[in-house]
$ cat work_26.pdb   # PDB, C-alpha atoms
ATOM      1  CA  MET A   1      -4.631 119.866  36.871
ATOM      2  CA  VAL A   2      -6.265 118.306  33.797
ATOM      3  CA  GLN A   3      -6.266 121.683  32.039
ATOM      4  CA  HIS A   4      -2.564 122.153  32.870
ATOM      5  CA  LEU A   5      -1.733 118.706  31.460
ATOM      6  CA  GLU A   6      -3.675 119.425  28.275
ATOM      7  CA  LEU A   7      -1.865 122.757  27.855
ATOM      8  CA  GLU A   8       1.498 121.053  28.338
ATOM      9  CA  GLN A   9       0.611 118.425  25.714
ATOM     10  CA  GLN A  10      -0.404 121.162  23.279
ATOM     11  CA  PHE A  11       2.855 123.016  23.936
ATOM     12  CA  THR A  12       4.851 119.836  23.312
ATOM     13  CA  ALA A  13       3.043 119.154  20.031
ATOM     14  CA  ALA A  14       3.523 122.767  18.895
ATOM     15  CA  PHE A  15       7.244 122.756  19.706
ATOM     16  CA  LYS A  16       7.770 119.465  17.870
ATOM     17  CA  LYS A  17       6.117 120.996  14.807
ATOM     18  CA  MET A  18       8.373 124.035  15.121
ATOM     19  CA  ALA A  19      11.369 121.716  15.198
ATOM     20  CA  ARG A  20      10.464 120.379  11.727
ATOM     21  CA  ARG A  21       9.929 123.828  10.161
ATOM     22  CA  ALA A  22      12.788 124.250   7.695
ATOM     23  CA  ASP A  23      11.870 127.915   7.200
ATOM     24  CA  LEU A  24      12.240 128.650  10.937
ATOM     25  CA  LYS A  25      15.565 126.832  11.052
ATOM     26  CA  ALA A  26      16.799 128.799   8.033
ATOM     27  CA  TYR A  27      15.678 132.080   9.608
ATOM     28  CA  VAL A  28      17.607 131.288  12.796
ATOM     29  CA  GLU A  29      20.722 130.392  10.812
ATOM     30  CA  LYS A  30      20.562 133.616   8.765
ATOM     31  CA  SER A  31      20.017 135.881  11.774
ATOM     32  CA  PRO A  32      23.380 136.288  13.576
ATOM     33  CA  GLU A  33      21.924 137.733  16.758
ATOM     34  CA  LEU A  34      19.063 135.234  17.048
ATOM     35  CA  ASN A  35      21.450 132.399  16.242
ATOM     36  CA  ARG A  36      23.836 133.569  18.963
ATOM     37  CA  ILE A  37      21.078 133.796  21.580
ATOM     38  CA  LEU A  38      19.541 130.393  20.821
ATOM     39  CA  ARG A  39      22.965 128.754  20.576
ATOM     40  CA  GLN A  40      23.629 129.927  24.119
ATOM     41  CA  ALA A  41      20.609 127.891  25.218
ATOM     42  CA  ALA A  42      21.717 124.920  23.095
ATOM     43  CA  LEU A  43      25.131 124.831  24.789
ATOM     44  CA  ARG A  44      23.512 123.304  27.856
ATOM     45  CA  TYR A  45      22.826 120.180  25.782
ATOM     46  CA  ILE A  46      25.717 120.049  23.287
ATOM     47  CA  ALA A  47      29.469 120.002  23.879
ATOM     48  CA  GLY A  48      30.165 122.671  21.246
ATOM     49  CA  ASP A  49      30.605 123.064  17.501
ATOM     50  CA  SER A  50      33.741 121.035  16.821
ATOM     51  CA  LEU A  51      35.067 117.500  17.072
ATOM     52  CA  GLN A  52      37.580 118.779  19.603
ATOM     53  CA  ASP A  53      34.706 120.069  21.763
ATOM     54  CA  GLY A  54      33.084 116.636  21.693
ATOM     55  CA  ILE A  55      36.338 114.838  22.520
ATOM     56  CA  ALA A  56      37.071 117.237  25.401
ATOM     57  CA  ALA A  57      33.639 116.702  26.974
ATOM     58  CA  GLY A  58      33.849 112.939  26.430
ATOM     59  CA  THR A  59      37.334 112.712  27.939
ATOM     60  CA  LYS A  60      36.151 114.505  31.068
ATOM     61  CA  LEU A  61      33.118 112.212  31.471
ATOM     62  CA  VAL A  62      35.082 109.004  30.935
ATOM     63  CA  GLY A  63      37.649 110.246  33.443
ATOM     64  CA  ARG A  64      34.846 110.544  35.985
ATOM     65  CA  GLY A  65      33.675 106.975  35.472
ATOM     66  CA  TYR A  66      30.857 107.380  32.926
ATOM     67  CA  SER A  67      30.481 105.439  29.707
ATOM     68  CA  LEU A  68      30.235 107.617  26.617
ATOM     69  CA  SER A  69      27.994 108.020  23.601
ATOM     70  CA  ILE A  70      29.000 110.781  21.215
ATOM     71  CA  GLU A  71      27.230 112.166  18.150
ATOM     72  CA  TYR A  72      28.165 114.528  15.354
ATOM     73  CA  ILE A  73      24.724 116.015  15.233
ATOM     74  CA  GLY A  74      22.671 116.229  12.042
ATOM     75  CA  GLU A  75      19.942 114.539  10.009
ATOM     76  CA  ASN A  76      17.936 114.653   6.771
ATOM     77  CA  THR A  77      20.993 115.437   4.641
ATOM     78  CA  LEU A  78      19.820 115.878   1.060
ATOM     79  CA  SER A  79      22.983 115.778  -1.060
ATOM     80  CA  ALA A  80      25.414 112.902  -1.524
ATOM     81  CA  ALA A  81      28.377 115.231  -1.018
ATOM     82  CA  GLU A  82      27.050 116.405   2.364
ATOM     83  CA  CYS A  83      26.368 112.804   3.399
ATOM     84  CA  GLU A  84      29.927 111.868   2.536
ATOM     85  CA  GLN A  85      31.202 114.896   4.473
ATOM     86  CA  ALA A  86      29.184 113.795   7.520
ATOM     87  CA  ALA A  87      30.547 110.250   7.233
ATOM     88  CA  ALA A  88      34.088 111.631   6.921
ATOM     89  CA  GLU A  89      33.561 113.643  10.129
ATOM     90  CA  MET A  90      32.378 110.492  11.905
ATOM     91  CA  LYS A  91      35.412 108.557  10.654
ATOM     92  CA  ALA A  92      37.612 111.330  12.022
ATOM     93  CA  LEU A  93      35.729 111.090  15.315
ATOM     94  CA  ILE A  94      36.376 107.344  15.474
ATOM     95  CA  HIS A  95      40.056 107.977  14.716
ATOM     96  CA  GLU A  96      40.380 110.599  17.465
ATOM     97  CA  LEU A  97      38.597 108.410  20.021
ATOM     98  CA  LYS A  98      40.916 105.534  19.167
ATOM     99  CA  LYS A  99      43.989 107.773  19.374
ATOM    100  CA  ALA A 100      42.883 109.090  22.759
ATOM    101  CA  GLY A 101      42.167 105.562  24.030
ATOM    102  CA  ILE A 102      38.534 106.389  24.794
ATOM    103  CA  PRO A 103      36.082 103.471  24.605
ATOM    104  CA  ALA A 104      32.901 104.993  23.248
ATOM    105  CA  ARG A 105      29.739 104.610  21.254
ATOM    106  CA  VAL A 106      29.451 106.751  18.128
ATOM    107  CA  SER A 107      25.771 107.505  17.555
ATOM    108  CA  PHE A 108      24.115 108.978  14.461
ATOM    109  CA  ASP A 109      20.984 109.210  12.348
ATOM    110  CA  LEU A 110      21.078 107.214   9.129
ATOM    111  CA  SER A 111      19.461 110.187   7.392
ATOM    112  CA  HIS A 112      22.660 112.121   8.166
ATOM    113  CA  ILE A 113      24.680 109.706   6.026
ATOM    114  CA  GLY A 114      22.366 109.019   3.123
ATOM    115  CA  LEU A 115      19.001 107.531   4.064
ATOM    116  CA  SER A 116      17.107 110.586   2.789
ATOM    117  CA  ILE A 117      18.664 109.892  -0.627
ATOM    118  CA  SER A 118      18.748 106.089  -0.747
ATOM    119  CA  LYS A 119      19.106 103.047   1.487
ATOM    120  CA  SER A 120      22.127 101.965  -0.556
ATOM    121  CA  LEU A 121      24.013 105.193   0.174
ATOM    122  CA  ALA A 122      23.220 104.943   3.894
ATOM    123  CA  TYR A 123      24.366 101.315   3.920
ATOM    124  CA  SER A 124      27.586 102.131   2.063
ATOM    125  CA  CYS A 125      28.471 104.934   4.494
ATOM    126  CA  LEU A 126      27.560 102.756   7.484
ATOM    127  CA  ILE A 127      29.842  99.949   6.294
ATOM    128  CA  ASP A 128      32.695 102.450   5.839
ATOM    129  CA  LEU A 129      32.212 103.561   9.447
ATOM    130  CA  ALA A 130      32.044  99.956  10.666
ATOM    131  CA  GLU A 131      35.313  99.158   8.913
ATOM    132  CA  GLN A 132      36.904 102.210  10.562
ATOM    133  CA  ALA A 133      35.696 101.051  13.991
ATOM    134  CA  ALA A 134      36.564  97.355  13.530
ATOM    135  CA  GLY A 135      39.084  96.053  16.046
ATOM    136  CA  THR A 136      38.582  98.980  18.447
ATOM    137  CA  ASP A 137      36.580  99.596  21.628
ATOM    138  CA  ILE A 138      34.246 101.821  19.632
ATOM    139  CA  GLU A 139      30.666 100.816  18.859
ATOM    140  CA  LEU A 140      28.404 102.321  16.230
ATOM    141  CA  PHE A 141      24.858 103.091  17.271
ATOM    142  CA  ILE A 142      21.976 103.975  14.962
ATOM    143  CA  SER A 143      19.387 106.391  16.301
ATOM    144  CA  MET A 144      15.703 106.136  15.423
ATOM    145  CA  GLU A 145      13.866 108.848  13.511
ATOM    146  CA  GLU A 146      10.282 109.533  12.367
ATOM    147  CA  SER A 147       8.040 106.484  12.050
ATOM    148  CA  GLY A 148       7.980 106.803   8.258
ATOM    149  CA  LYS A 149      11.691 105.885   8.220
ATOM    150  CA  THR A 150      11.506 102.975  10.649
ATOM    151  CA  ASP A 151      11.280 100.174   8.086
ATOM    152  CA  ASP A 152      14.245 101.515   6.120
ATOM    153  CA  ILE A 153      16.313 102.112   9.264
ATOM    154  CA  LEU A 154      15.726  98.582  10.520
ATOM    155  CA  SER A 155      16.435  97.156   7.078
ATOM    156  CA  VAL A 156      19.812  98.929   6.771
ATOM    157  CA  TYR A 157      20.687  98.065  10.371
ATOM    158  CA  LYS A 158      19.946  94.345   9.962
ATOM    159  CA  GLN A 159      21.898  94.182   6.713
ATOM    160  CA  ALA A 160      24.957  95.838   8.285
ATOM    161  CA  ALA A 161      24.723  94.002  11.632
ATOM    162  CA  ALA A 162      24.898  90.704   9.753
ATOM    163  CA  VAL A 163      28.400  91.735   8.634
ATOM    164  CA  PHE A 164      29.647  93.737  11.653
ATOM    165  CA  SER A 165      28.613  92.802  15.196
ATOM    166  CA  GLY A 166      29.519  96.139  16.841
ATOM    167  CA  ILE A 167      26.439  98.027  15.636
ATOM    168  CA  GLY A 168      23.451  98.887  17.827
ATOM    169  CA  ILE A 169      19.915 100.071  17.170
ATOM    170  CA  THR A 170      17.465 102.391  18.930
ATOM    171  CA  LEU A 171      13.780 101.571  19.475
ATOM    172  CA  GLN A 172      11.041 104.054  20.408
ATOM    173  CA  ALA A 173       8.589 102.939  23.083
ATOM    174  CA  HIS A 174       5.872 105.367  21.979
ATOM    175  CA  LEU A 175       5.383 103.651  18.610
ATOM    176  CA  LEU A 176       2.729 100.939  18.680
ATOM    177  CA  ARG A 177       4.792  98.815  16.302
ATOM    178  CA  THR A 178       7.868  98.598  18.539
ATOM    179  CA  PRO A 179       7.052  95.324  20.399
ATOM    180  CA  ASP A 180       6.821  93.623  17.002
ATOM    181  CA  ASP A 181      10.071  95.270  15.859
ATOM    182  CA  LEU A 182      11.820  94.034  19.002
ATOM    183  CA  ALA A 183      10.535  90.515  18.344
ATOM    184  CA  THR A 184      12.317  90.518  14.955
ATOM    185  CA  LEU A 185      15.703  91.052  16.662
ATOM    186  CA  THR A 186      16.214  87.385  17.424
ATOM    187  CA  SER A 187      19.996  87.369  17.926
ATOM    188  CA  PRO A 188      21.318  89.134  21.044
ATOM    189  CA  CYS A 189      22.388  92.636  20.081
ATOM    190  CA  ARG A 190      22.842  96.160  21.436
ATOM    191  CA  ILE A 191      19.586  98.076  21.869
ATOM    192  CA  ARG A 192      18.810 101.558  23.152
ATOM    193  CA  ILE A 193      15.199 102.059  24.262
ATOM    194  CA  VAL A 194      13.861 105.625  24.281
ATOM    195  CA  LYS A 195      10.367 106.979  24.774
ATOM    196  CA  GLY A 196      10.503 108.853  21.444
ATOM    197  CA  ALA A 197      10.852 112.548  20.638
ATOM    198  CA  TYR A 198       9.004 112.832  17.325
ATOM    199  CA  GLN A 199       5.432 114.025  16.843
ATOM    200  CA  GLU A 200       3.473 111.032  15.528
ATOM    201  CA  PRO A 201      -0.208 110.407  14.665
ATOM    202  CA  ASP A 202      -2.382 108.957  17.427
ATOM    203  CA  SER A 203      -2.992 105.938  15.205
ATOM    204  CA  LEU A 204       0.711 105.065  15.387
ATOM    205  CA  SER A 205       1.806 106.134  18.852
ATOM    206  CA  ILE A 206       1.098 106.591  22.550
ATOM    207  CA  ASP A 207       1.251 110.028  24.196
ATOM    208  CA  ARG A 208       3.442 110.649  27.252
ATOM    209  CA  SER A 209       1.410 108.956  29.987
ATOM    210  CA  PRO A 210       1.477 106.194  32.625
ATOM    211  CA  GLU A 211       0.502 103.837  29.785
ATOM    212  CA  LEU A 212       3.653 104.777  27.880
ATOM    213  CA  ASN A 213       5.768 104.274  31.002
ATOM    214  CA  GLN A 214       4.336 100.781  31.360
ATOM    215  CA  CYS A 215       4.997  99.995  27.702
ATOM    216  CA  TYR A 216       8.558 101.240  28.132
ATOM    217  CA  LEU A 217       9.233  98.960  31.099
ATOM    218  CA  GLN A 218       7.688  96.002  29.277
ATOM    219  CA  LEU A 219      10.002  96.589  26.320
ATOM    220  CA  VAL A 220      13.054  96.733  28.575
ATOM    221  CA  GLU A 221      11.974  93.544  30.344
ATOM    222  CA  LYS A 222      11.464  91.714  27.045
ATOM    223  CA  ALA A 223      14.810  92.926  25.686
ATOM    224  CA  VAL A 224      16.613  91.760  28.832
ATOM    225  CA  GLN A 225      14.844  88.399  28.679
ATOM    226  CA  GLN A 226      15.929  87.985  25.052
ATOM    227  CA  GLY A 227      19.563  88.475  26.062
ATOM    228  CA  HIS A 228      20.132  91.878  24.461
ATOM    229  CA  LEU A 229      22.515  94.466  25.907
ATOM    230  CA  VAL A 230      20.127  97.279  26.778
ATOM    231  CA  SER A 231      20.643 101.013  27.208
ATOM    232  CA  ILE A 232      17.688 102.331  29.218
ATOM    233  CA  ALA A 233      17.535 105.909  27.962
ATOM    234  CA  THR A 234      15.517 107.979  30.426
ATOM    235  CA  HIS A 235      15.818 110.856  32.891
ATOM    236  CA  ASP A 236      12.573 109.985  34.656
ATOM    237  CA  GLU A 237      13.541 109.242  38.240
ATOM    238  CA  VAL A 238      10.374 107.236  38.875
ATOM    239  CA  MET A 239      11.214 105.040  35.880
ATOM    240  CA  ILE A 240      14.827 104.675  36.991
ATOM    241  CA  ASN A 241      13.660 103.620  40.460
ATOM    242  CA  SER A 242      11.452 100.978  38.822
ATOM    243  CA  VAL A 243      14.440  99.750  36.823
ATOM    244  CA  GLN A 244      16.541  99.475  39.980
ATOM    245  CA  GLU A 245      13.768  97.623  41.830
ATOM    246  CA  ARG A 246      13.755  95.049  39.035
ATOM    247  CA  GLU A 247      17.560  94.708  39.375
ATOM    248  CA  TRP A 248      18.151  95.076  35.637
ATOM    249  CA  LEU A 249      21.341  97.046  36.285
ATOM    250  CA  GLU A 250      23.004  94.335  38.345
ATOM    251  CA  ASN A 251      24.185  91.841  35.691
ATOM    252  CA  ASN A 252      26.153  93.956  33.171
ATOM    253  CA  GLN A 253      23.313  93.501  30.688
ATOM    254  CA  ALA A 254      21.709  96.932  31.124
ATOM    255  CA  GLU A 255      22.742 100.523  31.791
ATOM    256  CA  ILE A 256      21.119 103.915  32.214
ATOM    257  CA  GLU A 257      21.788 106.334  29.344
ATOM    258  CA  MET A 258      21.192 110.045  29.877
ATOM    259  CA  LEU A 259      21.531 113.070  27.624
ATOM    260  CA  TYR A 260      24.338 115.543  28.242
ATOM    261  CA  GLY A 261      23.129 118.499  30.286
ATOM    262  CA  ILE A 262      19.928 116.882  31.553
ATOM    263  CA  ARG A 263      19.821 115.838  35.220
ATOM    264  CA  PRO A 264      23.602 115.681  35.778
ATOM    265  CA  ASP A 265      22.756 115.552  39.493
ATOM    266  CA  LEU A 266      20.845 112.302  39.005
ATOM    267  CA  ALA A 267      23.546 110.842  36.746
ATOM    268  CA  ASN A 268      26.159 111.693  39.366
ATOM    269  CA  ARG A 269      24.130 110.108  42.154
ATOM    270  CA  LEU A 270      23.600 106.892  40.189
ATOM    271  CA  GLN A 271      27.237 106.688  39.129
ATOM    272  CA  LYS A 272      28.456 107.182  42.706
ATOM    273  CA  ALA A 273      26.097 104.394  43.804
ATOM    274  CA  GLY A 274      27.910 102.064  41.420
ATOM    275  CA  LYS A 275      25.236 101.959  38.723
ATOM    276  CA  PRO A 276      26.332 101.849  35.066
ATOM    277  CA  VAL A 277      25.605 105.248  33.513
ATOM    278  CA  ARG A 278      26.300 106.360  29.947
ATOM    279  CA  ILE A 279      26.166 110.033  28.915
ATOM    280  CA  TYR A 280      25.095 110.943  25.375
ATOM    281  CA  VAL A 281      27.166 113.898  24.153
ATOM    282  CA  PRO A 282      26.292 115.648  20.872
ATOM    283  CA  TYR A 283      28.437 118.233  19.125
ATOM    284  CA  GLY A 284      28.222 120.178  15.869
ATOM    285  CA  GLN A 285      26.444 123.150  14.355
ATOM    286  CA  GLU A 286      23.094 121.457  13.565
ATOM    287  CA  TRP A 287      21.721 122.073  17.058
ATOM    288  CA  TYR A 288      18.375 123.760  16.229
ATOM    289  CA  LEU A 289      16.284 120.590  16.005
ATOM    290  CA  TYR A 290      18.044 119.084  19.013
ATOM    291  CA  LEU A 291      17.314 122.124  21.186
ATOM    292  CA  CYS A 292      13.640 122.114  20.135
ATOM    293  CA  HIS A 293      13.317 118.443  21.086
ATOM    294  CA  ARG A 294      14.899 118.987  24.501
ATOM    295  CA  ILE A 295      12.381 121.741  25.242
ATOM    296  CA  ALA A 296       9.426 119.828  23.780
ATOM    297  CA  GLU A 297      10.048 116.650  25.757
ATOM    298  CA  TYR A 298      10.095 118.541  29.065
ATOM    299  CA  PRO A 299       8.400 121.983  28.800
ATOM    300  CA  PRO A 300      10.033 123.398  31.990
ATOM    301  CA  ASN A 301      13.303 123.231  30.018
ATOM    302  CA  LEU A 302      11.980 126.364  28.297
ATOM    303  CA  TYR A 303      12.493 128.276  31.561
ATOM    304  CA  GLN A 304      16.118 127.140  31.707
ATOM    305  CA  ALA A 305      16.583 127.982  28.022
ATOM    306  CA  VAL A 306      15.451 131.570  28.598
ATOM    307  CA  ILE A 307      17.798 131.877  31.587
ATOM    308  CA  ASP A 308      20.674 130.498  29.490
ATOM    309  CA  MET A 309      19.910 132.905  26.632
ATOM    310  CA  VAL A 310      20.469 135.950  28.809
ATOM    311  CA  SER A 311      23.258 134.527  30.954
ATOM    312  CA  LYS A 312      26.806 135.670  30.250
ATOM    313  CA  GLN A 313      28.332 132.900  32.325
ATOM    314  CA  GLU A 314      30.155 129.984  30.688
ATOM    315  CA  MET A 315      28.027 126.835  30.660
ATOM    316  CA  ASN A 316      29.041 124.311  33.291
ATOM    317  CA  ASN A 317      27.503 120.845  33.214
ATOM    318  CA  ASN A 318      28.362 119.644  36.681
ATOM    319  CA  TYR A 319      29.025 115.911  36.361
TER     320      TYR A 319
END
$ encode --input "work_26.pdb" --output "structure tokens"
Amino acid sequence: MVQHLELEQQFTAAFKKMARRADLKAYVEKSPELNRILRQAALRYIAGDSLQDGIAAGTKLVGRGYSLSIEYIGENTLSAAECEQAAAEMKALIHELKKAGIPARVSFDLSHIGLSISKSLAYSCLIDLAEQAAGTDIELFISMEESGKTDDILSVYKQAAAVFSGIGITLQAHLLRTPDDLATLTSPCRIRIVKGAYQEPDSLSIDRSPELNQCYLQLVEKAVQQGHLVSIATHDEVMINSVQEREWLENNQAEIEMLYGIRPDLANRLQKAGKPVRIYVPYGQEWYLYLCHRIAEYPPNLYQAVIDMVSKQEMNNNY
């Protein structure tokens, strides 16, 4: 059992490293057949390539009683023109959600809209998005990235949230610094708490373990106590049972947030039991890193990915 756990941890670390290999990503993109096969696996976890694909999936989920997060997927954009293109796509997404009357949360990485170039560019693009979303039922939600970006992400978030209230922030439970980061968010705000998908040094993080689960629950408890609106982002049924036992879902202050394509059976069961459930739906062509993270965080997803690669059936996420 110990040997199996160690092997799984090594697999996870290896897959996370693969996810960051720009040369592997480029090879996949330049190989039509390999790209087609891997994209088939990715379609379990993304709505499709286009804005229309994202809107269609979101419309269906909202119609079935779920709350919606939606992301035009991408990160680490290295030219100002591409950052502005990504921001323009997100503004179009906000426009289409508003036109369709869909209350939603538009999520994104700040490095998709400028953080890899400068904090000022990321802030400028973020404010443009906030102005587009002002006066609507659409929230903006900043995802968290590698630990080396955390200070800049929090800095841009706090600067923008002081001007626009409808902006949320993600915190990663596996980073040792996160309790201190949460303590700096003194005014009630919107927070998503995740375990964390990035490979980090042992000196900065906690591996997937019962200790991490405990840290996660402590963060949620502290966030609820501080009056924040909390998205509890997990697919771990044991963790969700612990959340329900603590009755954090009973006062409109917390919700369960789950990724599109992962445990739709559990999401459906919770939603039918009257629990608030939000589904996180990504779309776009930058799916390579996202697919790698979905496999790395739960190695048995590799089995499903292989099945999906060879399947000729249309993907059906049964919510």
$ residues_around --input "work_26.pdb" --residues "region 105-120 of chain A" --least-positions-apart "6" --cutoff "10 Å" --atoms "all atoms listed in the file" --output "PyMOL selection string"
chain A and resi 67-88+90-91+93-94+97+126+129+133+137-145+149+152-153+155-157+166-170+278+280-282
$ atom_distance --input "work_26.pdb" --atom1 "CA of Pro264 (chain A)" --atom2 "CA of Ala57 (chain A)"
13.4 Å
$ axis_aligned_box --input "work_26.pdb" --around "region 295-308 of chain A" --padding-each-side "6 Å" --output "AutoDock Vina command-line options"
--center_x 14.5 --center_y 124.3 --center_z 27.9 --size_x 24.3 --size_y 27.2 --size_z 20.2
$ atom_distance --input "work_26.pdb" --atom1 "CA of Lys275 (chain A)" --atom2 "CA of His293 (chain A)"
26.9 Å
$ resolve_selection --input "work_26.pdb" --expression "the PyMOL selection byres ((chain A and resi 228-236) around 6)" --output "number ranges by chain"
A: 188-194, 223-224, 226-227, 237-239, 253-258
$ residues_around --input "work_26.pdb" --residues "Ile46 (chain A)" --least-positions-apart "3" --cutoff "8 Å" --atoms "all atoms listed in the file" --output "list in words"
Ala42, Leu43, Tyr260, Gly261, Val281, Pro282, Tyr283, Gly284 and Trp287 of chain A
$ closest_residue --input "work_26.pdb" --among "A:Gln271, A:Asn251, A:Gln218, A:Thr136" --to "Pro179 (chain A)" --atoms "all atoms listed in the file"
A:Gln218
$ residues_around --input "work_26.pdb" --residues "Arg36 (chain A)" --least-positions-apart "4" --cutoff "12 Å" --atoms "all atoms listed in the file" --output "list in words"
Val28, Glu29, Lys30, Ser31, Pro32, Gln40, Ala41, Ala42, Leu43, Gln285, Trp287, Tyr288, Asp308, Met309, Val310 and Lys312 of chain A
$ atom_distance --input "work_26.pdb" --atom1 "CA of Lys195 (chain A)" --atom2 "CA of His174 (chain A)"
5.5 Å
$ closest_residue --input "work_26.pdb" --among "A:Gly101, A:Ile37, A:Gln132, A:Val220" --to "Ile307 (chain A)" --atoms "all atoms listed in the file"
A:Ile37
$ residues_around --input "work_26.pdb" --residues "Gly274 (chain A)" --least-positions-apart "6" --cutoff "12 Å" --atoms "only C-alpha atoms" --output "list in words"
Gly65, Tyr66, Gln244, Leu249, Glu250, Asn252, Glu255, Ile256, Ala267 and Asn268 of chain A
$ closest_residue --input "work_26.pdb" --among "A:Gly54, A:Ile295, A:Ala305, A:Asn317" --to "Leu38 (chain A)" --atoms "all atoms listed in the file"
A:Ala305
$ closest_residue --input "work_26.pdb" --among "A:Thr150, A:Ser242, A:Ser205, A:Thr186" --to "Gln225 (chain A)" --atoms "all atoms listed in the file"
A:Thr186
$ closest_residue --input "work_26.pdb" --among "A:Leu24, A:Leu266, A:Cys292, A:Ala197" --to "Asn318 (chain A)" --atoms "all atoms listed in the file"
A:Leu266
